[in-house]
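J.: This is the content of upload_0.cif (mmCIF, C-alpha atoms):
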```
data_model
loop_
_atom_site.label_atom_id
_atom_site.label_comp_id
_atom_site.auth_asym_id
_atom_site.auth_seq_id
_atom_site.Cartn_x
_atom_site.Cartn_y
_atom_site.Cartn_z
CA MET K 225 68.16 76.91 113.28
CA SER K 226 69.70 75.32 116.33
CA THR K 227 69.80 78.61 118.23
CA TRP K 228 66.05 78.88 118.67
CA PRO K 229 65.50 80.65 121.98
CA PRO K 230 63.30 78.59 124.28
CA ASP K 231 62.03 81.70 126.04
CA SER K 232 60.73 83.49 122.97
CA THR K 233 57.07 83.31 122.09
CA VAL K 234 57.48 84.98 118.70
CA PRO K 235 58.94 82.76 115.95
CA ARG K 236 62.09 83.68 114.06
CA SER K 237 60.22 84.20 110.78
CA THR K 238 58.14 86.93 112.40
CA TRP K 239 61.27 88.80 113.42
CA PHE K 240 62.55 88.50 109.86
CA LEU K 241 59.30 90.03 108.58
CA ARG K 242 59.46 92.79 111.19
CA GLY K 243 62.93 93.59 109.85
CA VAL K 244 61.47 93.68 106.35
CA GLY K 245 58.78 96.06 107.61
CA ALA K 246 61.38 98.40 109.12
CA ALA K 247 62.60 99.12 105.58
CA PHE K 248 59.33 100.96 104.95
CA SER K 249 60.09 104.05 107.01
CA LEU K 250 61.15 107.65 106.40
CA PRO K 251 64.88 106.81 106.11
CA GLY K 252 63.89 103.97 103.76
CA LEU K 253 61.86 106.34 101.58
CA ILE K 254 64.65 108.91 101.45
CA LEU K 255 67.01 106.13 100.41
CA ILE K 256 64.66 105.14 97.58
CA SER K 257 64.57 108.74 96.34
CA SER K 258 68.36 108.90 96.35
CA PHE K 259 68.57 105.61 94.45
CA ILE K 260 66.28 107.21 91.87
CA GLY K 261 68.90 109.93 91.66
CA PHE K 262 71.70 107.37 91.45
CA ALA K 263 69.99 105.51 88.60
CA ALA K 264 69.64 108.76 86.65
CA LEU K 265 73.32 109.45 87.28
CA ALA K 266 74.50 105.96 86.27
CA LYS K 267 72.36 105.96 83.11
CA ASP K 268 73.81 109.32 82.18
CA ALA K 269 77.35 107.92 82.64
CA GLY K 270 76.65 105.13 80.13
CA VAL K 271 76.26 102.31 82.67
CA THR K 272 73.62 99.78 81.54
CA ALA K 273 70.57 98.84 83.63
CA THR K 274 71.96 95.37 84.42
CA GLN K 275 75.32 96.82 85.41
CA ALA K 276 73.63 99.40 87.65
CA ALA K 277 71.49 96.70 89.31
CA PHE K 278 74.62 94.58 89.77
CA MET K 279 76.41 97.57 91.28
CA THR K 280 73.51 98.15 93.69
CA GLY K 281 73.62 94.56 94.95
CA THR K 282 77.39 94.16 95.18
CA VAL K 283 78.57 97.58 96.37
CA TRP K 284 75.54 98.69 98.39
CA ALA K 285 76.88 101.95 99.74
CA LEU K 286 75.55 104.93 97.87
CA PRO K 287 78.56 107.23 98.39
CA SER K 288 80.88 104.51 97.08
CA MET K 289 78.56 103.83 94.14
CA VAL K 290 78.50 107.49 93.23
CA VAL K 291 82.31 107.66 93.51
CA LEU K 292 82.48 104.56 91.28
CA VAL K 293 80.20 106.15 88.68
CA GLY K 294 82.28 109.35 88.97
CA ALA K 295 85.39 107.31 88.19
CA VAL K 296 83.60 105.68 85.25
CA THR K 297 82.64 109.12 83.89
CA SER K 298 86.11 110.61 84.25
CA GLY K 299 87.66 107.58 82.51
CA ALA K 300 89.74 106.61 85.53
CA ALA K 301 91.88 103.46 85.26
CA LEU K 302 90.90 100.46 87.41
CA PRO K 303 93.53 101.04 90.15
CA ALA K 304 92.60 104.72 90.52
CA ALA K 305 88.90 103.88 90.64
CA MET K 306 89.56 101.17 93.22
CA LEU K 307 91.60 103.53 95.39
CA ALA K 308 88.96 106.27 95.29
CA VAL K 309 86.12 103.85 96.13
CA THR K 310 88.18 102.26 98.92
CA LEU K 311 88.86 105.66 100.42
CA SER K 312 85.16 106.53 100.31
CA ALA K 313 84.22 103.22 101.95
CA ILE K 314 86.59 103.30 104.93
CA ARG K 315 83.80 104.89 106.92
CA LEU K 316 81.95 101.57 106.78
CA MET K 317 84.51 99.94 109.05
CA PRO K 318 83.78 101.91 112.25
CA MET K 319 80.05 101.60 111.48
CA VAL K 320 80.30 97.80 111.35
CA MET K 321 82.48 97.82 114.47
CA VAL K 322 79.71 99.62 116.35
CA LEU K 323 76.89 97.44 114.99
CA VAL K 324 78.44 94.00 115.49
CA PRO K 325 78.40 94.04 119.33
CA GLU K 326 74.67 94.94 119.12
CA MET K 327 73.92 91.75 117.18
CA ARG K 328 76.43 89.25 118.54
CA THR K 329 75.40 86.74 121.19
CA ARG K 330 77.49 83.85 122.49
CA THR K 331 75.95 81.49 119.93
CA THR K 332 76.21 83.77 116.88
CA ARG K 333 78.32 82.21 114.19
CA GLN K 334 81.05 84.40 112.71
CA HIS K 335 80.11 83.80 109.05
CA VAL K 336 76.60 85.14 109.72
CA LEU K 337 78.14 88.43 110.86
CA TYR K 338 80.37 88.60 107.75
CA LEU K 339 77.34 88.04 105.52
CA LEU K 340 75.22 90.63 107.33
CA ALA K 341 78.06 93.16 107.26
CA HIS K 342 77.48 93.49 103.52
CA PHE K 343 74.13 95.16 104.26
CA VAL K 344 75.79 97.90 106.32
CA ALA K 345 75.34 101.34 104.77
CA VAL K 346 74.09 104.59 106.26
CA THR K 347 70.34 103.90 106.13
CA SER K 348 70.27 100.30 107.38
CA TRP K 349 72.79 101.24 110.05
CA VAL K 350 70.76 104.18 111.32
CA LEU K 351 67.59 102.07 111.39
CA ALA K 352 69.33 99.16 113.10
CA MET K 353 70.99 101.28 115.77
CA GLU K 354 67.59 102.79 116.51
CA ARG K 355 65.49 99.60 116.56
CA LEU K 356 67.70 96.65 117.54
CA LYS K 357 67.27 97.64 121.18
CA CYS K 358 63.64 96.48 120.97
CA VAL K 359 64.54 93.12 119.42
CA PRO K 360 65.46 90.12 121.61
CA PRO K 361 69.28 89.67 121.33
CA ARG K 362 69.00 86.23 119.73
CA MET K 363 66.64 87.56 117.03
CA ARG K 364 68.75 90.57 116.08
CA THR K 365 70.73 88.96 113.26
CA THR K 366 67.45 87.68 111.77
CA TYR K 367 65.84 91.10 112.09
CA TYR K 368 68.80 92.81 110.45
CA ALA K 369 68.84 90.21 107.65
CA GLY K 370 65.20 91.05 106.88
CA LEU K 371 65.86 94.79 106.98
CA GLY K 372 69.03 94.62 104.86
CA ALA K 373 67.66 92.18 102.28
CA MET K 374 64.50 94.26 101.84
CA LEU K 375 66.40 97.52 101.37
CA VAL K 376 68.73 95.98 98.78
CA THR K 377 65.94 94.23 96.86
CA THR K 378 63.68 97.28 96.81
CA ASN K 379 66.41 99.55 95.51
CA ILE K 380 67.53 97.10 92.82
CA ILE K 381 63.93 97.21 91.57
CA VAL K 382 63.85 101.01 91.87
CA VAL K 383 67.05 101.33 89.80
CA THR K 384 65.63 99.04 87.11
CA ILE K 385 62.37 100.98 86.91
CA VAL K 386 64.13 104.33 86.62
CA TYR K 387 66.19 102.99 83.69
CA ALA K 388 62.98 101.91 81.99
CA VAL K 389 61.16 105.23 82.33
CA ALA K 390 64.03 107.77 82.37
CA ASP K 391 63.89 108.51 78.63
CA THR K 392 60.22 109.44 78.76
CA LEU K 393 60.67 112.08 81.47
CA PRO K 394 60.65 115.83 80.76
CA SER K 395 64.11 117.37 81.05
CA ALA K 396 63.20 119.45 84.13
CA VAL K 397 62.21 116.25 85.97
CA SER K 398 65.44 114.55 84.90
CA ALA K 399 67.40 117.55 86.17
CA ALA K 400 65.52 117.37 89.48
CA LEU K 401 66.31 113.63 89.78
CA LEU K 402 70.01 114.30 89.22
CA MET K 403 69.84 116.91 91.98
CA LEU K 404 68.61 114.33 94.53
CA THR K 405 71.98 112.64 95.07
CA PRO K 406 74.06 115.72 95.93
CA MET K 407 71.30 117.06 98.23
CA TYR K 408 70.91 113.70 99.98
CA PHE K 409 74.65 113.46 100.61
CA LEU K 410 75.03 117.08 101.57
CA THR K 411 72.46 116.75 104.34
CA SER K 412 73.18 113.17 105.49
CA LEU K 413 76.95 113.71 105.54
CA TRP K 414 76.60 116.92 107.56
CA GLY K 415 74.23 115.22 109.99
CA SER K 416 76.40 112.14 110.48
CA ALA K 417 79.64 114.03 111.21
CA ARG K 418 80.40 113.34 114.84
CA GLU K 419 82.95 116.07 115.44
CA ARG K 420 83.50 119.56 114.09
CA VAL K 421 86.47 118.27 112.13
CA GLY K 422 84.01 116.32 109.98
CA HIS K 423 82.34 119.58 108.94
CA VAL K 424 85.73 121.14 108.16
CA ALA K 425 86.61 118.13 105.99
CA MET K 426 83.27 118.43 104.25
CA VAL K 427 83.62 122.11 103.35
CA LEU K 428 87.19 121.51 102.12
CA GLY K 429 86.04 118.58 99.98
CA LEU K 430 83.14 120.55 98.49
CA VAL K 431 85.55 123.24 97.27
CA LEU K 432 88.53 121.01 96.40
CA GLY K 433 86.44 118.57 94.33
CA PRO K 434 85.61 121.02 91.54
CA VAL K 435 89.06 122.68 91.79
CA PHE K 436 90.90 119.36 91.34
CA HIS K 437 88.40 118.39 88.64
CA ILE K 438 89.90 121.20 86.58
CA LEU K 439 93.53 120.72 87.67
CA VAL K 440 93.85 116.88 87.76
CA PRO K 441 90.67 115.47 86.18
CA ARG K 442 91.58 111.76 86.31
CA ILE K 443 92.39 111.67 90.02
CA ASP K 444 90.23 114.59 91.21
CA LEU K 445 88.33 112.66 93.90
CA LEU K 446 91.43 110.95 95.25
CA ALA K 447 93.37 114.22 95.40
CA ALA K 448 90.50 116.10 97.06
CA GLY K 449 90.01 113.30 99.61
CA LEU K 450 93.69 113.11 100.56
CA VAL K 451 94.42 116.86 100.59
CA GLY K 452 91.10 117.86 102.20
CA GLY K 453 91.20 115.01 104.72
CA ILE K 454 94.79 115.61 105.81
CA ALA K 455 94.22 119.40 106.03
CA ALA K 456 91.12 118.88 108.20
CA TYR K 457 93.04 116.42 110.38
CA GLY K 458 95.85 118.96 110.73
CA TRP K 459 93.32 121.56 111.82
CA HIS K 460 91.97 119.05 114.36
CA LEU K 461 95.44 118.44 115.85
CA TRP K 462 96.25 122.16 115.87
CA ARG K 463 93.02 123.01 117.65
CA ARG K 464 93.52 120.29 120.23
CA LYS K 465 97.04 121.55 120.89
CA ALA K 466 95.83 125.14 121.17
CA ARG K 467 93.17 124.04 123.62
CA THR K 468 95.43 122.08 125.93
CA ALA K 469 98.23 124.68 125.79
CA MET G 348 91.96 99.90 81.95
CA SER G 349 88.99 102.27 82.28
CA TYR G 350 85.35 101.16 82.47
CA PHE G 351 84.70 101.55 78.73
CA SER G 352 88.19 100.62 77.48
CA ASN G 353 87.40 96.93 76.90
CA GLY G 354 84.61 95.74 74.61
CA ALA G 355 84.09 92.40 76.39
CA TRP G 356 80.66 92.09 78.04
CA TRP G 357 82.17 90.92 81.32
CA TRP G 358 84.69 93.72 81.72
CA PRO G 359 82.29 96.25 83.35
CA TYR G 360 81.19 93.55 85.81
CA LEU G 361 84.79 92.71 86.69
CA PHE G 362 85.44 96.45 87.06
CA ILE G 363 82.47 96.75 89.44
CA LEU G 364 83.56 93.65 91.41
CA LEU G 365 87.13 94.90 91.90
CA ALA G 366 86.68 98.67 92.15
CA GLY G 367 83.26 98.47 93.82
CA PHE G 368 82.52 95.25 95.68
CA ALA G 369 86.05 94.38 96.88
CA ALA G 370 86.89 98.02 97.63
CA THR G 371 83.88 98.43 99.94
CA ASP G 372 83.42 94.99 101.51
CA ILE G 373 87.03 94.79 102.66
CA TRP G 374 86.15 97.52 105.19
CA ARG G 375 82.94 95.81 106.25
CA PHE G 376 84.79 92.52 106.81
CA LEU G 377 87.60 94.30 108.66
CA GLY G 378 84.92 95.91 110.83
CA VAL G 379 83.58 92.48 111.84
CA TYR G 380 87.10 91.18 112.38
CA LEU G 381 88.23 94.13 114.48
CA GLY G 382 84.83 94.55 116.15
CA GLY G 383 85.57 96.37 119.39
CA LYS G 384 89.38 95.99 119.25
CA LEU G 385 89.97 99.51 117.93
CA SER G 386 88.83 102.61 119.80
CA GLU G 387 86.20 104.70 118.02
CA ASN G 388 88.14 107.86 118.82
CA SER G 389 91.65 106.75 117.95
CA ASP G 390 93.60 109.34 115.95
CA LEU G 391 93.93 106.99 113.01
CA LEU G 392 90.15 106.64 112.72
CA VAL G 393 89.74 110.43 112.90
CA LEU G 394 92.13 110.84 109.95
CA VAL G 395 90.40 108.03 108.06
CA ARG G 396 87.02 109.66 108.62
CA THR G 397 88.17 113.13 107.51
CA MET G 398 89.65 111.71 104.29
CA ALA G 399 86.49 109.73 103.54
CA THR G 400 84.32 112.76 104.30
CA ALA G 401 86.40 115.09 102.12
CA LEU G 402 86.26 112.57 99.28
CA VAL G 403 82.50 112.18 99.36
CA ALA G 404 82.14 115.96 99.71
CA ALA G 405 84.30 116.31 96.59
CA VAL G 406 81.82 114.07 94.78
CA ILE G 407 78.97 116.34 95.92
CA GLY G 408 80.86 119.44 94.77
CA ASN G 409 81.49 117.91 91.34
CA LEU G 410 77.86 116.80 90.98
CA ILE G 411 76.75 120.39 91.59
CA VAL G 412 79.41 122.27 89.64
CA PHE G 413 80.00 119.76 86.80
CA PRO G 414 76.78 117.71 86.56
CA GLY G 415 75.80 115.44 83.69
CA GLY G 416 72.63 114.87 81.71
CA ALA G 417 69.72 117.26 81.95
CA LEU G 418 71.20 118.98 85.00
CA ALA G 419 74.15 120.12 82.87
CA HIS G 420 71.79 122.34 80.87
CA THR G 421 70.74 124.32 83.94
CA PRO G 422 72.58 127.51 84.98
CA LEU G 423 75.37 126.99 87.53
CA ALA G 424 74.14 129.94 89.62
CA LEU G 425 70.65 128.40 89.90
CA ARG G 426 72.10 125.07 91.06
CA ILE G 427 74.32 126.70 93.67
CA VAL G 428 71.51 128.94 94.98
CA ALA G 429 69.09 125.99 95.16
CA VAL G 430 71.60 123.79 97.00
CA ALA G 431 72.72 126.58 99.36
CA LEU G 432 69.17 127.58 100.33
CA GLY G 433 68.18 123.92 100.61
CA PHE G 434 71.05 123.44 103.03
CA VAL G 435 70.01 126.53 105.02
CA ALA G 436 66.45 125.13 105.20
CA TYR G 437 67.90 121.80 106.41
CA LEU G 438 69.81 123.56 109.22
CA ALA G 439 66.92 125.88 110.10
CA SER G 440 64.47 122.97 110.36
CA GLY G 441 66.62 121.23 112.96
CA LYS G 442 68.52 119.04 110.48
CA ARG G 443 65.50 117.51 108.77
CA MET G 444 66.79 116.02 105.52
CA VAL G 445 63.38 115.97 103.87
CA VAL G 446 63.03 119.74 104.30
CA GLY G 447 66.48 120.42 102.84
CA ILE G 448 66.03 118.12 99.84
CA ALA G 449 62.47 119.35 99.09
CA THR G 450 63.53 123.01 99.29
CA ALA G 451 66.44 122.55 96.90
CA GLU G 452 64.29 120.58 94.45
CA PHE G 453 61.48 123.13 94.60
CA LEU G 454 63.87 126.04 93.96
CA LEU G 455 65.53 124.22 91.07
CA LEU G 456 62.22 123.41 89.39
CA ALA G 457 60.80 126.88 90.07
CA GLY G 458 63.93 128.42 88.58
CA LEU G 459 63.69 126.22 85.48
CA TYR G 460 60.00 126.98 84.90
CA LEU G 461 60.53 130.71 85.44
CA ASN G 462 63.42 130.53 82.96
CA PHE G 463 66.18 131.87 85.13
#
```
In structure tokens, how does this file's structure come out?
T.:
Amino acid sequence: MSTWPPDSTVPRSTWFLRGVGAAFSLPGLILISSFIGFAALAKDAGVTATQAAFMTGTVWALPSMVVLVGAVTSGAALPAAMLAVTLSAIRLMPMVMVLVPEMRTRTTRQHVLYLLAHFVAVTSWVLAMERLKCVPPRMRTTYYAGLGAMLVTTNIIVVTIVYAVADTLPSAVSAALLMLTPMYFLTSLWGSARERVGHVAMVLGLVLGPVFHILVPRIDLLAAGLVGGIAAYGWHLWRRKARTA
Amino acid sequence: MSYFSNGAWWWPYLFILLAGFAATDIWRFLGVYLGGKLSENSDLLVLVRTMATALVAAVIGNLIVFPGGALAHTPLALRIVAVALGFVAYLASGKRMVVGIATAEFLLLAGLYLNF
């Protein structure tokens, strides 16, 4: 590394390992439990262990992975699945936009940022936003690489283990595992909504999902996202107008 | 064109790469590219966020109302009560996710063992 900071007493490898260590925290543990839930879900949908591990490494955003598995279950065609997953993943863009300035220094190479952006998902983002402040600016990309790589690796292993043991579990435990994902999303999505309009969109989506599942099963998620999202946005505009009027 | 419609071993992987990897990483890459050029509170981003939120919420709703596997054999009313009370516990505990998740799981398991 040519960007070794002369003023730092702690070597780069130590910052990488500190990033790795940050993965073992409460948010990290909650993430593991929701990946247990995801593995149960994917197995139930007929996705193989290798495919689920591949999905974990390449997609690495639990909401998008669950949408993808939902599309697999409902027999959606590739374009419909792609559209639904894309819609669910748009939220990653503003997250990356907020994180990048935290990590970028004058010497940071652009391709490093593109590579690290793949690790951005709710948990690593929350941990990074909380802890990067305490990392020297020039070590931040290294720290985040350690954190992201550890989270991905751990959860690929978790998914594989769940596939191996899932069949031996009592049905009540399997039911409880399948309950982890909706509860994790319900609470994390509510907590991460920045404005009231996010909560409105959430309630609309919760109701419209099952309704559209009955009405238009192949494009239920897409329809609920578009209709619920636009309705919530309309409410947002209406309220802002009412307030300024 | 669906996940299981092609018998080739590579088809599910291609499906995951296109509908999963490409569909998510395009936004991550755009985020790096745009980094700081777009305002966090622009109207377009608000609309984008509400659509994404509604979509993920729809997934949650479907997972509760139309679950698969072992969860499908549990009564709908039990699932809804467990989730609703779990959510209330989450709010009451000052938005502590662990409390919400543990409450819902406990109620679900208690309901199953008590044969509701």
J.: Restricting the calculation to all atoms listed in the file: of G:Trp358, G:Phe351, G:Gly441, G:Phe368, which residue gets closest to chain K?
T.: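 Once distances to chain K are computed over all atoms listed in the file, the minimum belongs to G:Phe368.
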J.: Env of segment 447-449 of chain G: 10 Å cut, atoms = only C-alpha atoms, seq-sep filter 2 positions within chain, self excluded. Answer as a PyMOL selection string.
T.: (chain K and resi 254+403-411) or (chain G and resi 429-440+442-445+451-455)
J.: From the options G:Pro414, G:Pro422, G:Gly382, G:Gly354, which residue's atoms come nearest to chain K, counting only C-alpha atoms?
T.: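 Of the candidates, the smallest distance to chain K is held by G:Gly382.
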J.: Atom CA of Leu428 of chain K to atom CA of Asp372 of chain G: how many Å, to one decimal?
T.: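 Result for atom CA of Leu428 of chain K versus atom CA of Asp372 of chain G: 26.8 Å, one decimal.
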J.: Within 10 Å of Ala313 of chain K, counting only C-alpha atoms, which residues qualify if same-chain residues fewer than 4 places away don't, as a compact mmCIF listing (two decimals) with C-alpha atoms, keeping the file's coordinate frame?
T.:
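Okay, this is what ended up in selection-v5.txt:
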```
# COMPACT_ATOMS: atom_id res chain seq x y z
CA VAL K 283 78.57 97.58 96.37
CA ALA K 285 76.88 101.95 99.74
CA LEU K 286 75.55 104.93 97.87
CA PRO K 287 78.56 107.23 98.39
CA SER K 288 80.88 104.51 97.08
CA MET K 289 78.56 103.83 94.14
CA VAL K 291 82.31 107.66 93.51
CA LEU K 307 91.60 103.53 95.39
CA ALA K 308 88.96 106.27 95.29
CA VAL K 309 86.12 103.85 96.13
CA MET K 317 84.51 99.94 109.05
CA ALA K 345 75.34 101.34 104.77
CA GLY G 367 83.26 98.47 93.82
CA ALA G 370 86.89 98.02 97.63
CA THR G 371 83.88 98.43 99.94
CA ASP G 372 83.42 94.99 101.51
CA ILE G 373 87.03 94.79 102.66
CA TRP G 374 86.15 97.52 105.19
CA ARG G 375 82.94 95.81 106.25
CA VAL G 395 90.40 108.03 108.06
CA ARG G 396 87.02 109.66 108.62
CA ALA G 399 86.49 109.73 103.54
CA THR G 400 84.32 112.76 104.30
CA LEU G 402 86.26 112.57 99.28
CA VAL G 403 82.50 112.18 99.36
```
J.: Between G:Thr450, G:Asn462, G:Thr397, G:Ser352, which has the minimum distance to chain K (counting only C-alpha atoms)?
T.: G:Thr397
J.: Find, counting only C-alpha atoms, the residue in K:Ile385, K:Val359, K:Leu445, K:Val296 that gets nearest to Leu430 of chain K.
T.: K:Leu445
